[in-house]
Structures are given as C-alpha cells and as structure tokens.
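**Student:** Got a structure for you, written out below as structure tokens; questions coming shortly.
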Amino acid sequence: MLESVPEHIIVAAVGLFGGVLLGLAARLGRFCTLGAIEDLLYGGSDTRIRMWGIAIGTAIVGSFALMGAGLVDAGTTYYLSINWLPWASVVGGLMFGYGMALAGNCGYGAVARLGGGDLRSFVIVLVMGVSTYVVLSGPLAPLRDMLFPQSPVLPGDVPPGIAHATAHWTGVSSTAIGLSIGLIVLAISASSRAFADNPKSAVWAVVVGLAIISGWAGTSWVANTGFEALPVVSHSFAAPLGESILWWMIGSAQPVSFAVGSVAGVWLGAFIGSLIKGHFRWEACEDPRELRRQIFGAALMGAGAVIALGCTVGQGISAFSVLALSAPVTFLAIFAGAAFGLRQLIVGFNPAE
C-alpha cells in the first residue's frame, strides 16, 4: 500500500478518520470540555465530566495495549519524548482554561461548532491558529524558549510518564501498570446511574477514546513500515489549527499532514452530525463586546497550549492516553483557569449584598 499511496496521504487519512469520530462525538454525543466543566460547577450534573473520564480510560487502555503488543514505541510519542516542565503545565494550562472560558469553547469545540455553521467559531479558529504559531515559531518564540525551555529525553532516560516512572521504581511492567490505571479510570468514570439511563453518552465517550487510539496506531504503523520521517502523533487542536491554516494557503508547497486531516475530519464529522440532528444553521456575532472577548480568549488559548504542550484534547486525552506526567497537571490547571473565567462571566466577583 505504501508503494502506491504517499505516506503523508495515509497519515492524513488516519487523522481524517479519527477527526470525523471526534466531530460526530461533539455534535451527536455533546462531548465538550467547557460544557462538562460548566455542567459540573453550575448545572449540577457530572455526566459530561464522567464522559471525559471514560474517553481517557478508553484511550489509556488502548494505547498501553498497543505498547504491550509492540505496535507503538512509547519513546516516539511526543509527550514522552520531551522532559516535563511542571511550571509550563501550570502556567499554560491556566492561560488555556481562562481563554477557553472567555472564548466559549476550546479549539476542538470551535471546529466542531464551525461544522454546525457557527461563524463566531471561525474567528476563534483563525485567531487561535495564528496565536499558536506566533508563540511556537513566531516573534514570541524566543521569549517562550527562555521562560519555558524544552529538552528532549535522552536515550536511556526514563520517559516522563506515570506508568514508566512507576515501572522503573517497582520493576512491574509499564504495560500492566498502564492497563490497570486505565481500567480503574474507566470503572470510576462509568459508575453513574446517568449512563444506565442514557448509555449513548458513554458510547460516544468510548468513540472519542478510540479516535485517540487510532491516531497512535495509524501514525506508528506508517512510521515503522514507511520511509518518510513522519512523527508518531495523535489528536490535538492548537498547533494543528495553525498548520491547517498554512496548508490551505500554501498546500502546493507543503505536504498534507495528520494535523490537517484531523482538523478537517472534526469539521466534516460535526457537519454531518449537525445535519443528522437538524441543527445546522448559520450564526454570527452581533455583540462587539462578545467578539472582543472571544478574540482575546482564542489568543490566550493558542499561547497557553504552546506553553503547556497541548490543549484539552492534546494534553487532556492524547497525553493522558500515554500517562504523561504533564497530563493530569495540565488538565487540572485548565479546569482551574476555566472555573475562574466562568465565575467571572456568570457570577462576577463582587461580594453578595
């Protein structure tokens, strides 16, 4: 197959496949990070935050099963090949979470809403994509490198992962540790009567986890059997937004990638889902203050995601799937930043009289 189809096309197709699943989950399963946090803090429901846990648990079990079968090398995954900076996870996560609350969505959610005709999300996607590259490789990159220097994990070092560090200390297989943690997360997250009454939510959460697994499996297979130096990646929606914008402008000079396929897949899946639900409709921002808030929030998300090395999906699920040390810290920081931003928007900070 690799002889007849360019490897980057196959990788982009893998991203497209998983992206479609994620887009359908957002539209048909209401899978959304900010929505889950808002439901938990102000809606009296933990169903969607439990959906996130089921997605994480599924992704962990699948990813470590692939590692145990020798189909994925943990050291080649981005999140386990870079030394962890705790303060980067905290600062970047807080920035991302607060920006997400201001914008009303994360990058993944914005692409999914765009698939339903929300033109406000188009602004968020553009601003976040540009902001990401400004901090990643643009004028602010030297400042980021100075404040949050990144260094690769050296050969022989223990990957910065919970399972791999525990295996190093105890001598127990990292695969066994990872599978055990994944099953525990699944059991805790699924222990709710809400899923018995509405199993569809749990099913869509599993679909999200499978989308992450498909990314690791597909890109690892191409990397192991092909000849191009392509990275082993899974879904994230910060730098991939900027990469997609660049590709649509200069695609003839730059091969399509997993990131471009992933973003396009989410849009396509969300578009199909909105048609199935009958929810597709064009929407625009009529309030300049709302637009200003969304632009500022999107810019913060882009910068925060680069600092934290991922977004709600990148760190919140993909990095979690390989149990990177950065994942839980970044996710908690995103939660805290979003909670702060939601309180500012919904309740305000003036003391009650």
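Labeling convention for the structure tokens: chains A, B, ... as they appear, residues from 1 per chain, ligands from 1 in order of appearance.
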Using DSSP secondary structure from the backbone, list all alpha helix (DSSP H) positions within range 7-154 of chain A, as number ranges by chain.

**Tutor:** A: 7-28, 33-38, 47-68, 78-81, 86-103, 107-115, 119-136, 141-147

**Student:** Can you pull out every residue within 8 Å of Ser89 in chain A, counting only C-alpha atoms, but drop anything in the same chain fewer than 6 positions away, and send it as a list in words?

**Tutor:**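 My list of contacting residues is Ile307, Ala308, Leu309, Ser326, Val329, Thr330 and Ala333 of chain A.
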
**Student:** Restricting the calculation to only C-alpha atoms: of A:Leu102, A:Ile295, A:Ala211, A:Ile54, which residue gets closest to Gln344 in chain A?

**Tutor:**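 Looking only at the distances to Gln344 in chain A, the closest residue turns out to be A:Leu102.
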
**Student:** Would you please work out which residue, of A:Gly269, A:Gly226, A:Gly242, A:Gly68, is nearest to Tyr133 in chain A when using only C-alpha atoms?

**Tutor:**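 Comparing A:Gly269, A:Gly226, A:Gly242, A:Gly68 against Tyr133 in chain A, the winner is A:Gly242.
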
**Student:** Between A:Val322, A:Trp87, A:Ser262, A:Gly15, which has the minimum distance to Gly75 in chain A (counting only C-alpha atoms)?

**Tutor:**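 Smallest separation from Gly75 in chain A among the options: A:Val322.
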
**Student:** In Å, with one decimal, what is the gap from CA of Ile9 in chain A to CA of Thr219 in chain A?

**Tutor:**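 Rounded to one decimal, the two atoms are 11.1 Å apart.
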
**Student:** So what do you get for CA of Gly156 in chain A versus CA of Asp73 in chain A, distance-wise?

**Tutor:** 13.9 Å

**Student:** Please provide the set of residues having any atom within 8 Å of Ser257 in chain A, restricted to only C-alpha atoms, with same-chain residues fewer than 6 positions apart removed, written as a VMD selection string.

**Tutor:** chain A and resid 8 to 9 11 to 12

**Student:** Leaving out Ser189 in chain A and any residue of its chain fewer than 3 positions from it, which residues lie within 7 Å of it when counting only C-alpha atoms, given as a ChimeraX atom specification?

**Tutor:** /A:50,53-54,185-186
